[in-house]
$ cat coords18.txt   # compact mmCIF, C-alpha atoms and all ligand atoms
# COMPACT_ATOMS: atom_id res chain seq x y z
CA MET Y 149 -33.50 13.30 -8.84
CA GLU Y 150 -35.76 12.09 -11.63
CA THR Y 151 -34.57 8.82 -13.22
CA LYS Y 152 -34.36 8.87 -17.01
CA GLN Y 153 -36.83 6.57 -18.72
CA ARG Y 154 -34.90 4.01 -20.81
CA MET Y 155 -36.32 2.12 -23.75
CA PRO Y 156 -36.53 -1.60 -23.04
CA VAL Y 157 -33.60 -3.43 -24.60
CA TYR Y 158 -34.48 -6.11 -27.14
CA TYR Y 159 -32.08 -9.03 -27.69
CA SER Y 160 -31.69 -8.83 -31.47
CA GLU Y 161 -31.43 -5.04 -31.49
CA TYR Y 162 -28.93 -4.96 -28.66
CA LEU Y 163 -26.72 -7.40 -30.57
CA GLN Y 164 -27.46 -5.79 -33.96
CA LEU Y 165 -28.16 -9.23 -35.34
CA ASP Y 166 -29.69 -7.79 -38.47
CA LYS Y 167 -26.20 -6.56 -39.43
CA ILE Y 168 -24.24 -9.58 -38.26
CA LEU Y 169 -26.54 -12.25 -39.66
CA ASN Y 170 -26.83 -10.53 -43.01
CA ALA Y 171 -23.08 -10.14 -43.45
CA GLN Y 172 -22.42 -13.51 -45.09
CA GLN Y 173 -22.36 -13.09 -48.87
CA PRO Y 174 -20.65 -16.12 -50.47
CA GLU Y 175 -18.92 -15.32 -53.76
CA SER Y 176 -20.15 -18.70 -55.06
CA ASN Y 177 -23.78 -17.56 -54.65
CA LYS Y 178 -23.04 -14.44 -56.66
CA GLU Y 179 -21.46 -16.57 -59.41
CA GLY Y 180 -24.19 -19.21 -59.30
CA VAL Y 181 -21.59 -21.88 -58.45
CA ARG Y 182 -22.36 -24.60 -55.89
CA ALA Y 183 -19.89 -24.44 -52.96
CA ASP Y 184 -21.61 -25.58 -49.77
CA ASP Y 185 -18.61 -24.87 -47.51
CA GLU Y 186 -18.16 -21.20 -48.32
CA MET Y 187 -20.70 -20.20 -45.65
CA MET Y 188 -18.63 -21.91 -42.95
CA PHE Y 189 -15.46 -20.38 -44.40
CA ILE Y 190 -16.94 -16.88 -44.08
CA ILE Y 191 -18.42 -17.42 -40.62
CA ILE Y 192 -15.21 -18.81 -39.19
CA HIS Y 193 -13.20 -15.83 -40.45
CA GLN Y 194 -15.81 -13.43 -39.10
CA THR Y 195 -15.70 -15.18 -35.73
CA TYR Y 196 -11.92 -14.80 -35.67
CA GLU Y 197 -12.21 -11.12 -36.49
CA LEU Y 198 -14.67 -10.64 -33.61
CA TRP Y 199 -12.25 -12.34 -31.22
CA PHE Y 200 -9.41 -10.23 -32.62
CA LYS Y 201 -11.52 -7.17 -31.84
CA GLN Y 202 -11.99 -8.33 -28.25
CA ILE Y 203 -8.26 -9.02 -27.91
CA LEU Y 204 -7.47 -5.50 -29.13
CA HIS Y 205 -9.98 -4.10 -26.64
CA GLU Y 206 -8.23 -5.89 -23.77
CA LEU Y 207 -4.76 -4.96 -24.98
CA SER Y 208 -5.66 -1.30 -25.34
CA ILE Y 209 -6.96 -1.19 -21.74
CA VAL Y 210 -3.74 -2.81 -20.50
CA ARG Y 211 -1.70 -0.40 -22.58
CA GLU Y 212 -3.49 2.62 -21.10
CA ILE Y 213 -2.78 1.27 -17.61
CA PHE Y 214 0.91 0.85 -18.34
CA LYS Y 215 1.17 4.29 -19.92
CA GLN Y 216 0.68 5.86 -16.50
CA ASP Y 217 3.94 7.15 -15.03
CA ASN Y 218 3.08 6.16 -11.53
CA ILE Y 219 1.72 2.65 -12.01
CA HIS Y 220 2.71 0.78 -8.89
CA ASN Y 221 2.47 -2.86 -7.84
CA SER Y 222 0.29 -2.04 -4.87
CA THR Y 223 -2.55 -0.55 -6.96
CA PRO Y 224 -5.38 -2.63 -8.46
CA ASP Y 225 -3.98 -1.80 -11.92
CA ILE Y 226 -1.56 -4.71 -12.17
CA TYR Y 227 -4.18 -7.23 -11.10
CA ASN Y 228 -6.58 -5.74 -13.65
CA SER Y 229 -3.93 -6.02 -16.38
CA VAL Y 230 -3.05 -9.63 -15.56
CA HIS Y 231 -6.74 -10.52 -15.47
CA ARG Y 232 -7.27 -9.01 -18.94
CA LEU Y 233 -4.17 -10.61 -20.40
CA LYS Y 234 -5.33 -13.99 -19.07
CA ARG Y 235 -8.60 -13.40 -20.89
CA VAL Y 236 -6.57 -12.81 -24.06
CA CYS Y 237 -4.93 -16.22 -23.46
CA SER Y 238 -8.33 -17.88 -23.08
CA ILE Y 239 -9.53 -16.31 -26.33
CA LEU Y 240 -6.39 -17.47 -28.11
CA GLU Y 241 -6.92 -21.01 -26.80
CA VAL Y 242 -10.37 -20.97 -28.41
CA ALA Y 243 -8.84 -19.50 -31.58
CA VAL Y 244 -6.42 -22.43 -31.76
CA MET Y 245 -9.18 -25.00 -31.21
CA GLN Y 246 -11.42 -23.31 -33.77
CA MET Y 247 -9.00 -24.43 -36.50
CA GLY Y 248 -10.55 -27.89 -35.95
CA ILE Y 249 -13.82 -26.60 -37.43
CA MET Y 250 -11.93 -25.17 -40.40
CA GLU Y 251 -10.31 -28.57 -40.95
CA THR Y 252 -13.69 -30.21 -41.45
CA MET Y 253 -13.54 -28.57 -44.88
CA THR Y 254 -11.63 -30.94 -47.17
CA PRO Y 255 -9.20 -29.71 -49.88
CA LEU Y 256 -11.74 -30.66 -52.54
CA ASP Y 257 -14.49 -28.65 -50.78
CA PHE Y 258 -12.18 -25.61 -50.74
CA LEU Y 259 -11.38 -25.93 -54.45
CA ASP Y 260 -15.12 -25.42 -55.13
CA PHE Y 261 -14.70 -21.72 -54.35
CA ARG Y 262 -11.01 -20.99 -53.71
CA ASP Y 263 -10.31 -19.25 -57.04
CA LEU Y 264 -13.24 -16.89 -56.46
CA LEU Y 265 -11.43 -15.43 -53.42
CA ARG Y 266 -8.20 -14.29 -55.07
CA PRO Y 267 -6.38 -12.07 -54.14
CA ALA Y 268 -8.09 -11.83 -50.73
CA SER Y 269 -6.30 -13.62 -47.88
CA GLY Y 270 -6.18 -13.81 -44.09
CA PHE Y 271 -2.85 -12.08 -44.61
CA GLN Y 272 -4.91 -8.91 -45.08
CA SER Y 273 -6.37 -9.21 -41.58
CA ILE Y 274 -5.46 -5.78 -40.28
CA GLN Y 275 -6.67 -6.57 -36.79
CA PHE Y 276 -4.23 -9.50 -36.64
CA LYS Y 277 -1.37 -7.23 -37.69
CA ILE Y 278 -2.46 -4.56 -35.18
CA ILE Y 279 -2.47 -7.20 -32.42
CA GLU Y 280 1.11 -8.10 -33.36
CA ALA Y 281 2.09 -4.41 -33.42
CA THR Y 282 0.33 -3.61 -30.13
CA LEU Y 283 2.20 -6.43 -28.44
CA GLY Y 284 5.50 -5.11 -29.83
CA LEU Y 285 6.26 -6.53 -33.29
CA GLN Y 286 7.94 -3.82 -35.35
CA TYR Y 287 7.88 -3.47 -39.15
CA GLU Y 288 11.61 -4.28 -39.44
CA GLN Y 289 11.04 -7.60 -37.67
CA ARG Y 290 8.24 -8.72 -39.99
CA HIS Y 291 8.90 -11.70 -42.18
CA GLY Y 292 8.48 -10.83 -45.89
CA LYS Y 293 8.28 -7.05 -45.52
CA ALA Y 294 8.00 -6.19 -49.22
CA TYR Y 295 5.23 -8.73 -49.71
CA TYR Y 296 3.45 -7.26 -46.70
CA LEU Y 297 3.28 -3.76 -48.20
CA SER Y 298 2.15 -5.02 -51.60
CA GLN Y 299 -0.92 -6.83 -50.26
CA LEU Y 300 -2.65 -4.08 -48.29
CA THR Y 301 -4.52 -0.98 -49.39
CA PRO Y 302 -2.69 2.31 -48.62
CA ALA Y 303 -5.31 3.03 -45.93
CA ASP Y 304 -4.65 -0.33 -44.24
CA VAL Y 305 -0.87 0.12 -44.45
CA GLU Y 306 -1.43 3.45 -42.68
CA ARG Y 307 -3.52 1.77 -39.94
CA VAL Y 308 -0.82 -0.79 -39.25
CA LYS Y 309 1.93 1.85 -39.33
CA GLN Y 310 -0.06 3.96 -36.87
CA ALA Y 311 -0.28 0.94 -34.54
CA GLU Y 312 3.46 0.34 -34.94
CA SER Y 313 4.21 3.96 -34.03
CA GLU Y 314 2.35 3.77 -30.71
CA LEU Y 315 3.93 2.60 -27.48
CA SER Y 316 3.76 -1.19 -27.56
CA LEU Y 317 3.24 -3.46 -24.57
CA LEU Y 318 6.84 -4.61 -25.01
CA THR Y 319 8.15 -1.03 -24.67
CA LEU Y 320 5.84 -0.28 -21.75
CA LEU Y 321 6.86 -3.50 -20.02
CA ASN Y 322 10.50 -2.49 -20.38
CA GLN Y 323 9.75 0.90 -18.77
CA TRP Y 324 7.78 -0.72 -15.94
CA LEU Y 325 10.53 -3.26 -15.23
CA GLU Y 326 13.11 -0.46 -15.14
CA ARG Y 327 11.13 1.25 -12.38
CA MET Y 328 10.97 -1.83 -10.15
CA PRO Y 329 11.16 -0.69 -6.53
CA PHE Y 330 13.38 -2.61 -4.07
CA VAL Y 331 16.48 -2.04 -6.24
CA LYS Y 332 18.16 0.82 -4.48
CA ASN Y 333 21.30 2.81 -4.98
CA THR Y 334 23.28 0.76 -2.49
CA ALA Y 335 26.39 -1.42 -2.48
CA TYR Y 336 24.11 -4.46 -2.28
CA TRP Y 337 23.01 -3.77 -5.85
CA GLN Y 338 25.99 -1.89 -7.23
CA ASP Y 339 29.29 -3.05 -5.71
CA ALA Y 340 31.37 -4.63 -8.50
CA ASP Y 341 32.55 -7.56 -6.36
CA ALA Y 342 29.97 -8.00 -3.60
CA SER Y 343 26.65 -6.97 -5.18
CA PHE Y 344 23.70 -9.33 -5.58
CA TRP Y 345 24.59 -9.69 -9.26
CA ALA Y 346 28.25 -10.48 -8.55
CA LYS Y 347 27.12 -13.25 -6.16
CA TYR Y 348 24.55 -14.51 -8.63
CA ARG Y 349 27.15 -14.54 -11.41
CA GLY Y 350 29.37 -16.80 -9.29
CA ALA Y 351 26.53 -19.21 -8.53
CA TYR Y 352 25.34 -19.25 -12.15
CA SER Y 353 28.82 -19.79 -13.55
CA ALA Y 354 29.36 -22.72 -11.15
CA SER Y 355 26.10 -24.33 -12.34
CA LEU Y 356 27.02 -24.47 -16.04
CA MET Y 357 27.75 -27.75 -17.77
CA GLU Y 358 30.50 -28.24 -20.27
CA GLY Y 359 29.17 -26.84 -23.51
CA GLU Y 360 27.16 -24.13 -21.73
CA GLN Y 361 30.14 -21.92 -20.87
CA GLN Y 362 29.34 -19.51 -23.69
CA ASN Y 363 26.14 -18.59 -21.76
CA MET Y 364 28.40 -16.39 -19.62
CA ASN Y 365 28.90 -13.98 -22.55
CA LEU Y 366 25.18 -13.21 -22.74
CA PHE Y 367 24.90 -13.26 -18.95
CA ASP Y 368 27.58 -10.60 -18.66
CA SER Y 369 26.22 -8.44 -21.46
CA LEU Y 370 22.70 -8.53 -19.95
CA PHE Y 371 23.33 -8.37 -16.22
CA ILE Y 372 26.90 -7.26 -15.50
CA ASP Y 373 28.22 -4.91 -18.20
CA ASP Y 374 27.46 -1.24 -17.86
CA LYS Y 375 25.79 -0.81 -21.25
CA GLN Y 376 22.17 0.14 -20.63
CA TYR Y 377 20.98 -1.17 -24.02
CA PRO Y 378 22.91 -4.32 -25.01
CA GLU Y 379 23.30 -4.65 -28.80
CA GLY Y 380 20.08 -5.51 -30.64
CA ARG Y 381 17.94 -5.97 -27.51
CA SER Y 382 14.49 -4.54 -26.75
CA PHE Y 383 15.01 -4.81 -23.00
CA SER Y 384 17.47 -2.55 -21.24
CA ALA Y 385 20.01 -4.07 -18.85
CA ASP Y 386 17.98 -2.79 -15.86
CA ALA Y 387 14.77 -4.30 -17.23
CA SER Y 388 16.46 -7.68 -17.89
CA ARG Y 389 18.01 -7.72 -14.41
CA ASN Y 390 14.73 -6.85 -12.74
CA ALA Y 391 12.74 -9.37 -14.81
CA LEU Y 392 15.17 -12.14 -13.86
CA PHE Y 393 15.00 -11.07 -10.22
CA ILE Y 394 11.18 -11.31 -10.35
CA MET Y 395 11.41 -14.80 -11.85
CA LEU Y 396 13.92 -15.95 -9.24
CA TYR Y 397 12.20 -14.59 -6.14
CA ARG Y 398 8.61 -14.85 -7.34
CA ASP Y 399 7.55 -16.74 -4.20
CA HIS Y 400 7.78 -13.50 -2.20
CA PRO Y 401 4.34 -11.86 -1.89
CA LEU Y 402 5.08 -8.60 -3.70
CA LEU Y 403 6.66 -10.38 -6.67
CA GLN Y 404 3.85 -12.87 -7.24
CA LEU Y 405 1.68 -10.61 -9.35
CA PRO Y 406 4.60 -9.18 -11.39
CA TYR Y 407 5.65 -12.78 -12.06
CA ASP Y 408 2.11 -13.63 -13.12
CA LEU Y 409 2.24 -10.70 -15.54
CA LEU Y 410 5.50 -11.86 -17.14
CA ASN Y 411 4.27 -15.42 -17.32
CA THR Y 412 0.98 -14.38 -18.92
CA LEU Y 413 2.79 -12.39 -21.62
CA LEU Y 414 4.88 -15.49 -22.37
CA GLU Y 415 1.66 -17.48 -22.53
CA ILE Y 416 0.23 -15.03 -25.09
CA ASP Y 417 3.34 -15.48 -27.27
CA GLU Y 418 3.00 -19.24 -26.89
CA GLN Y 419 -0.71 -19.31 -27.73
CA LEU Y 420 -0.11 -17.10 -30.78
CA SER Y 421 2.62 -19.47 -31.86
CA MET Y 422 0.27 -22.44 -31.36
CA TRP Y 423 -2.29 -20.62 -33.52
CA ARG Y 424 0.31 -20.00 -36.23
CA HIS Y 425 1.41 -23.65 -36.23
CA ARG Y 426 -2.14 -24.97 -36.23
CA HIS Y 427 -2.89 -22.63 -39.14
CA ILE Y 428 0.22 -23.89 -41.00
CA HIS Y 429 -0.82 -27.55 -40.56
CA MET Y 430 -4.31 -26.71 -41.76
CA VAL Y 431 -2.91 -24.78 -44.74
CA GLN Y 432 -0.56 -27.64 -45.68
CA ARG Y 433 -3.42 -30.10 -45.50
CA THR Y 434 -5.73 -27.88 -47.52
CA ILE Y 435 -3.52 -26.40 -50.24
CA GLY Y 436 -0.31 -28.49 -50.00
CA LYS Y 437 2.50 -26.74 -51.82
CA ARG Y 438 0.27 -24.32 -53.76
CA VAL Y 439 0.76 -20.58 -53.26
CA GLY Y 440 -1.75 -18.74 -51.04
CA THR Y 441 -4.72 -16.81 -52.38
CA GLY Y 442 -2.77 -13.74 -51.24
CA GLY Y 443 0.11 -14.78 -53.53
CA SER Y 444 2.72 -15.67 -50.88
CA THR Y 445 4.73 -18.91 -50.95
CA GLY Y 446 1.96 -20.25 -48.68
CA ALA Y 447 3.13 -22.61 -45.93
CA ALA Y 448 6.78 -21.55 -46.45
CA TYR Y 449 5.92 -17.89 -45.79
CA LEU Y 450 3.83 -18.83 -42.75
CA LYS Y 451 6.69 -20.90 -41.27
CA GLY Y 452 9.04 -17.91 -41.60
CA ALA Y 453 6.55 -15.68 -39.80
CA ALA Y 454 5.96 -18.30 -37.08
CA ASP Y 455 9.70 -18.53 -36.41
CA SER Y 456 10.38 -14.81 -36.29
CA HIS Y 457 7.26 -13.17 -34.84
CA TYR Y 458 7.76 -14.02 -31.15
CA VAL Y 459 7.41 -10.70 -29.29
CA PHE Y 460 8.54 -11.57 -25.77
CA LYS Y 461 11.46 -13.79 -26.80
CA GLU Y 462 13.93 -11.91 -24.58
CA LEU Y 463 11.71 -12.66 -21.62
CA ALA Y 464 11.54 -16.34 -22.58
CA GLU Y 465 15.31 -16.41 -22.93
CA LEU Y 466 15.76 -15.37 -19.29
CA THR Y 467 14.88 -18.91 -18.22
CA SER Y 468 18.41 -19.85 -19.38
CA PHE Y 469 19.69 -17.92 -16.38
CA LEU Y 470 17.55 -19.43 -13.62
CA LEU Y 471 19.03 -21.43 -10.75
CA PRO Y 472 17.36 -23.90 -8.36
CA ARG Y 473 15.97 -22.20 -5.24
CA ASN Y 474 18.58 -23.75 -2.97
CA HIS Y 475 21.38 -22.16 -5.02
CA LEU Y 476 19.96 -18.63 -4.88
CA PRO Y 477 21.81 -15.95 -2.91
CA GLN Y 478 20.13 -15.37 0.47
CA LEU Y 479 18.45 -11.95 0.42
CA PRO Y 480 19.09 -9.49 3.28
CA GLU Y 481 16.36 -9.35 5.98
CA SER Y 482 15.44 -5.75 5.06
CA LEU Y 483 14.82 -6.73 1.42
CA ILE Y 484 12.77 -9.77 2.45
CA LYS Y 485 10.65 -7.41 4.55
CA ASP Y 486 10.24 -5.04 1.59
CA LEU Y 487 9.04 -7.97 -0.52
CA GLY Y 488 6.43 -9.01 2.05
CA TYR Y 489 2.95 -7.61 2.71
CA PHE Y 490 3.92 -5.80 5.87
CA GLY Y 491 7.34 -4.52 4.81
C1 LIG Y 501 -8.82 -22.96 -45.87
C2 LIG Y 501 -8.44 -22.19 -44.89
C3 LIG Y 501 -7.20 -21.32 -44.96
C4 LIG Y 501 -6.16 -21.35 -45.83
C5 LIG Y 501 -5.90 -22.32 -46.97
C6 LIG Y 501 -5.27 -20.26 -45.47
C7 LIG Y 501 -4.10 -19.97 -46.12
C8 LIG Y 501 -3.27 -18.94 -45.81
C9 LIG Y 501 -2.06 -18.62 -46.52
C10 LIG Y 501 -1.49 -19.42 -47.68
C11 LIG Y 501 -1.54 -17.50 -45.97
C12 LIG Y 501 -0.29 -16.75 -46.41
C13 LIG Y 501 -0.69 -15.54 -47.21
C14 LIG Y 501 -1.24 -15.90 -48.58
O1 LIG Y 501 -0.49 -16.17 -49.50
O2 LIG Y 501 -2.50 -15.91 -48.73
C15 LIG Y 501 -2.41 -17.12 -44.88
C16 LIG Y 501 -2.18 -16.07 -44.02
C17 LIG Y 501 -2.99 -15.76 -42.96
N1 LIG Y 501 -4.19 -16.36 -42.64
FE1 LIG Y 501 -4.96 -18.01 -43.47
N2 LIG Y 501 -5.79 -19.63 -44.39
C18 LIG Y 501 -6.98 -20.23 -44.04
C19 LIG Y 501 -7.80 -19.89 -43.00
C20 LIG Y 501 -7.57 -18.84 -42.14
C21 LIG Y 501 -8.43 -18.50 -41.04
C22 LIG Y 501 -9.71 -19.22 -40.62
C23 LIG Y 501 -7.89 -17.40 -40.47
C24 LIG Y 501 -8.49 -16.67 -39.31
C25 LIG Y 501 -8.50 -15.36 -39.24
C26 LIG Y 501 -6.69 -17.07 -41.19
C27 LIG Y 501 -5.85 -16.00 -40.90
C28 LIG Y 501 -4.68 -15.75 -41.53
C29 LIG Y 501 -3.75 -14.72 -41.10
C30 LIG Y 501 -3.92 -13.80 -39.88
C31 LIG Y 501 -2.69 -14.74 -41.97
C32 LIG Y 501 -1.41 -13.90 -41.89
C33 LIG Y 501 -0.43 -14.65 -41.00
C34 LIG Y 501 0.94 -14.02 -40.91
O3 LIG Y 501 1.25 -13.10 -41.67
O4 LIG Y 501 1.73 -14.49 -40.06
N3 LIG Y 501 -6.52 -17.97 -42.18
N4 LIG Y 501 -3.46 -18.01 -44.81

$ encode --input "coords18.txt" --output "structure tokens" --more "lines below"
Ligand code: HEM
Amino acid sequence: METKQRMPVYYSEYLQLDKILNAQQPESNKEGVRADDEMMFIIIHQTYELWFKQILHELSIVREIFKQDNIHNSTPDIYNSVHRLKRVCSILEVAVMQMGIMETMTPLDFLDFRDLLRPASGFQSIQFKIIEATLGLQYEQRHGKAYYLSQLTPADVERVKQAESELSLLTLLNQWLERMPFVKNTAYWQDADASFWAKYRGAYSASLMEGEQQNMNLFDSLFIDDKQYPEGRSFSADASRNALFIMLYRDHPLLQLPYDLLNTLLEIDEQLSMWRHRHIHMVQRTIGKRVGTGGSTGAAYLKGAADSHYVFKELAELTSFLLPRNHLPQLPESLIKDLGYFG
């Protein structure tokens, strides 16, 4: 077969540097005002947007993997997903550190050009909002919903709504957890008095300190009661049970990768939270108690979003129900075999 002749690739063309390096147009230049830091301000935002693009690329691959009905722990898919999600964590770590460069701009430097930016704001970063939505943040959970709609163009509102209407990683994770193999229709899992969960309930209850007794209410509603969707939860009872089981018995070979997946999603939430808090500190230092260029209450708005935009909070909460290894119910031999490589 004849091989197709390809044009040699040239560095600057491959990277389309003519577009990227000509995309910095400071407003201060247009106005003839001297503001030496506006170039850095533009480049840092552009860099963030490029990283956001890469994060969305990774998340969309992971989402496609999890959309498959038959995704199974023994395929390369889960490893591939964990690998990509860990890359997202690494990018977010850089995103957090990058705030240090932003902070080299003093409040006075920013005032040189700040008024020229109004009403533009990082709040209008659609990619950031699509990342939140792809992970699983829904419109109803957003802090300052009315403000949110007033700041975006109708086309951008549509883009975010479209992202919110698609299956999020949170929803797909719930479906995947519900399908966990090993949990079979047997007395070991289902008997009201002798099941794994009845035994675990006894051990957990015995471990509680005074003042922790109310934990049993949530324990029962998540793991014992029959209601498949406990009030106000994203995870079904089956998904919560299976996620906790993975966390408890994660040393067994077949649960190691699923545990890595859960842990990496928690890490993404944590890194995003670190980014939000680093951004808040930087904002407080740069504009103090002034409102944002986007017209929000500034740091106060950002604190509200930081507190309420955790996506995998139900997963994080499961750590309240862990027990030390030596208190865990002994698993039956057949289940231990199922959880090993040669089961
Ligand atoms: C001098 C530097 C910065 C200041 C003073 C600042 C200030 C603010 C303020 C006050 C808000 C709230 C909305 C508003 O009223 O405008 C906001 C939101 C936001 N900013 Fe910044 N920002 C800065 C740099 C950055 C950078 C470098 C990024 C990187 C992309 C960024 C991304 C965002 C995002 C994504 C939001 C929305 C956050 C959310 O809704 O939870 N900002 N910023």

$ residues_around --input "coords18.txt" --residues "segment 182-189 of chain Y" --least-positions-apart "2" --cutoff "6 Å" --atoms "only C-alpha atoms" --output "PyMOL selection string"
chain Y and resi 191-192+260

$ residues_near_ligand --input "coords18.txt" --ligand "ligand LIG 501 (chain Y)" --cutoff "6 Å" --atoms "only C-alpha atoms and all ligand atoms" --output "JSON, numbers by chain"
{"Y": [192, 193, 196, 269, 270, 271, 273, 276, 431, 434, 435, 439, 440, 441, 442, 443, 444, 446, 447, 450, 453]}

$ closest_residue --input "coords18.txt" --among "Y:Arg262, Y:Thr282, Y:Arg232, Y:Leu163" --to "Glu175 of chain Y" --atoms "only C-alpha atoms"
Y:Arg262

$ closest_residue --input "coords18.txt" --among "Y:Ser369, Y:Thr412, Y:Gln153, Y:Gln194" --to "Ser238 of chain Y" --atoms "only C-alpha atoms"
Y:Thr412

$ residues_near_point --input "coords18.txt" --point "(-11.0, -24.7, -33.7)" --cutoff "12 Å" --atoms "all atoms listed in the file" --output "number ranges by chain"
Y: 192-193, 195-196, 239-252, 422-423, 426-427, 430

$ residues_around --input "coords18.txt" --residues "segment 463-469 of chain Y" --least-positions-apart "2" --cutoff "7 Å" --atoms "all atoms listed in the file" --output "MDAnalysis selection string"
chainID Y and resid 392 414 460:461 471

$ atom_distance --input "coords18.txt" --atom1 "atom CA of Thr301 of chain Y" --atom2 "atom CA of Ala268 of chain Y"
11.5 Å

$ residues_near_point --input "coords18.txt" --point "(12.9, -1.0, -16.8)" --cutoff "10 Å" --atoms "all atoms listed in the file" --output "list in words"
Thr319, Leu320, Leu321, Asn322, Gln323, Trp324, Leu325, Glu326, Arg327, Met328, Phe383, Ser384, Ala385, Asp386, Ala387, Ser388, Arg389, Asn390 and Ala391 of chain Y

$ closest_residue --input "coords18.txt" --among "Y:Leu356, Y:Leu285, Y:Ala340, Y:Leu165" --to "Glu312 of chain Y" --atoms "all atoms listed in the file"
Y:Leu285

$ atom_distance --input "coords18.txt" --atom1 "atom CA of Leu396 of chain Y" --atom2 "atom CA of Val236 of chain Y"
25.5 Å

$ atom_distance --input "coords18.txt" --atom1 "atom CA of Ile279 of chain Y" --atom2 "atom CA of Phe200 of chain Y"
7.6 Å

$ residues_around --input "coords18.txt" --residues "Lys309 of chain Y" --least-positions-apart "4" --cutoff "10 Å" --atoms "all atoms listed in the file" --output "list of chain:residue names"
Y:Lys277, Y:Ile278, Y:Ala281, Y:Gln286, Y:Tyr287, Y:Ala303, Y:Asp304, Y:Val305, Y:Ser313, Y:Glu314

$ write_last_selection --input "coords18.txt" --atoms "C-alpha atoms" --output "compact mmCIF listing (two decimals), in the frame of the given file"
# COMPACT_ATOMS: atom_id res chain seq x y z
CA LYS Y 277 -1.37 -7.23 -37.69
CA ILE Y 278 -2.46 -4.56 -35.18
CA ALA Y 281 2.09 -4.41 -33.42
CA GLN Y 286 7.94 -3.82 -35.35
CA TYR Y 287 7.88 -3.47 -39.15
CA ALA Y 303 -5.31 3.03 -45.93
CA ASP Y 304 -4.65 -0.33 -44.24
CA VAL Y 305 -0.87 0.12 -44.45
CA SER Y 313 4.21 3.96 -34.03
CA GLU Y 314 2.35 3.77 -30.71

$ closest_residue --input "coords18.txt" --among "Y:Leu318, Y:Gly488, Y:Ser382, Y:Gln419" --to "Asp399 of chain Y" --atoms "all atoms listed in the file"
Y:Gly488

$ closest_residue --input "coords18.txt" --among "Y:Gln272, Y:Gln404, Y:Ser482, Y:Ser456" --to "Gln289 of chain Y" --atoms "all atoms listed in the file"
Y:Ser456

$ closest_residue --input "coords18.txt" --among "Y:Glu280, Y:Glu481, Y:Asp373, Y:Asp263" --to "Glu179 of chain Y" --atoms "only C-alpha atoms"
Y:Asp263

$ closest_atom_pairs --input "coords18.txt" --of "segment 339-453 of chain Y" --to "segment 212-222 of chain Y" --cutoff "9 Å" --atoms "all atoms listed in the file" --output "tab-separated table"
residue	atom	partner	partner_atom	distance
Y:Leu402	CA	Y:Asn221	CA	7.5
Y:Leu403	CA	Y:Asn221	CA	8.7
Y:Leu405	CA	Y:Asn221	CA	7.9
Y:Pro406	CA	Y:Asn221	CA	7.6

$ decode --input "coords18.txt" --residues "segment 205-216 of chain Y" --atoms "N, CA and C atoms" --output "PDB file, in the first residue's frame"
ATOM      1  N   HIS Y 205     -11.549  18.035  28.492  1.00  0.00           N
ATOM      2  CA  HIS Y 205     -11.205  16.937  27.577  1.00  0.00           C
ATOM      3  C   HIS Y 205     -11.106  15.623  28.355  1.00  0.00           C
ATOM      4  N   GLU Y 206     -10.377  15.662  29.468  1.00  0.00           N
ATOM      5  CA  GLU Y 206     -10.210  14.442  30.274  1.00  0.00           C
ATOM      6  C   GLU Y 206     -11.562  13.987  30.835  1.00  0.00           C
ATOM      7  N   LEU Y 207     -12.327  14.946  31.357  1.00  0.00           N
ATOM      8  CA  LEU Y 207     -13.601  14.567  31.979  1.00  0.00           C
ATOM      9  C   LEU Y 207     -14.566  13.981  30.957  1.00  0.00           C
ATOM     10  N   SER Y 208     -14.514  14.507  29.723  1.00  0.00           N
ATOM     11  CA  SER Y 208     -15.466  13.981  28.737  1.00  0.00           C
ATOM     12  C   SER Y 208     -15.075  12.561  28.323  1.00  0.00           C
ATOM     13  N   ILE Y 209     -13.772  12.246  28.308  1.00  0.00           N
ATOM     14  CA  ILE Y 209     -13.356  10.866  28.005  1.00  0.00           C
ATOM     15  C   ILE Y 209     -13.852   9.940  29.130  1.00  0.00           C
ATOM     16  N   VAL Y 210     -13.640  10.376  30.369  1.00  0.00           N
ATOM     17  CA  VAL Y 210     -14.060   9.539  31.504  1.00  0.00           C
ATOM     18  C   VAL Y 210     -15.578   9.350  31.469  1.00  0.00           C
ATOM     19  N   ARG Y 211     -16.274  10.422  31.138  1.00  0.00           N
ATOM     20  CA  ARG Y 211     -17.733  10.322  31.095  1.00  0.00           C
ATOM     21  C   ARG Y 211     -18.197   9.321  30.028  1.00  0.00           C
ATOM     22  N   GLU Y 212     -17.547   9.360  28.862  1.00  0.00           N
ATOM     23  CA  GLU Y 212     -17.924   8.404  27.800  1.00  0.00           C
ATOM     24  C   GLU Y 212     -17.682   6.969  28.275  1.00  0.00           C
ATOM     25  N   ILE Y 213     -16.584   6.759  28.993  1.00  0.00           N
ATOM     26  CA  ILE Y 213     -16.280   5.418  29.507  1.00  0.00           C
ATOM     27  C   ILE Y 213     -17.393   4.962  30.455  1.00  0.00           C
ATOM     28  N   PHE Y 214     -17.788   5.855  31.343  1.00  0.00           N
ATOM     29  CA  PHE Y 214     -18.784   5.461  32.349  1.00  0.00           C
ATOM     30  C   PHE Y 214     -20.203   5.389  31.802  1.00  0.00           C
ATOM     31  N   LYS Y 215     -20.393   5.931  30.587  1.00  0.00           N
ATOM     32  CA  LYS Y 215     -21.729   5.836  29.988  1.00  0.00           C
ATOM     33  C   LYS Y 215     -22.014   4.431  29.472  1.00  0.00           C
ATOM     34  N   GLN Y 216     -20.956   3.633  29.279  1.00  0.00           N
ATOM     35  CA  GLN Y 216     -21.176   2.282  28.782  1.00  0.00           C
ATOM     36  C   GLN Y 216     -21.943   1.466  29.824  1.00  0.00           C
TER      37      GLN Y 216
END
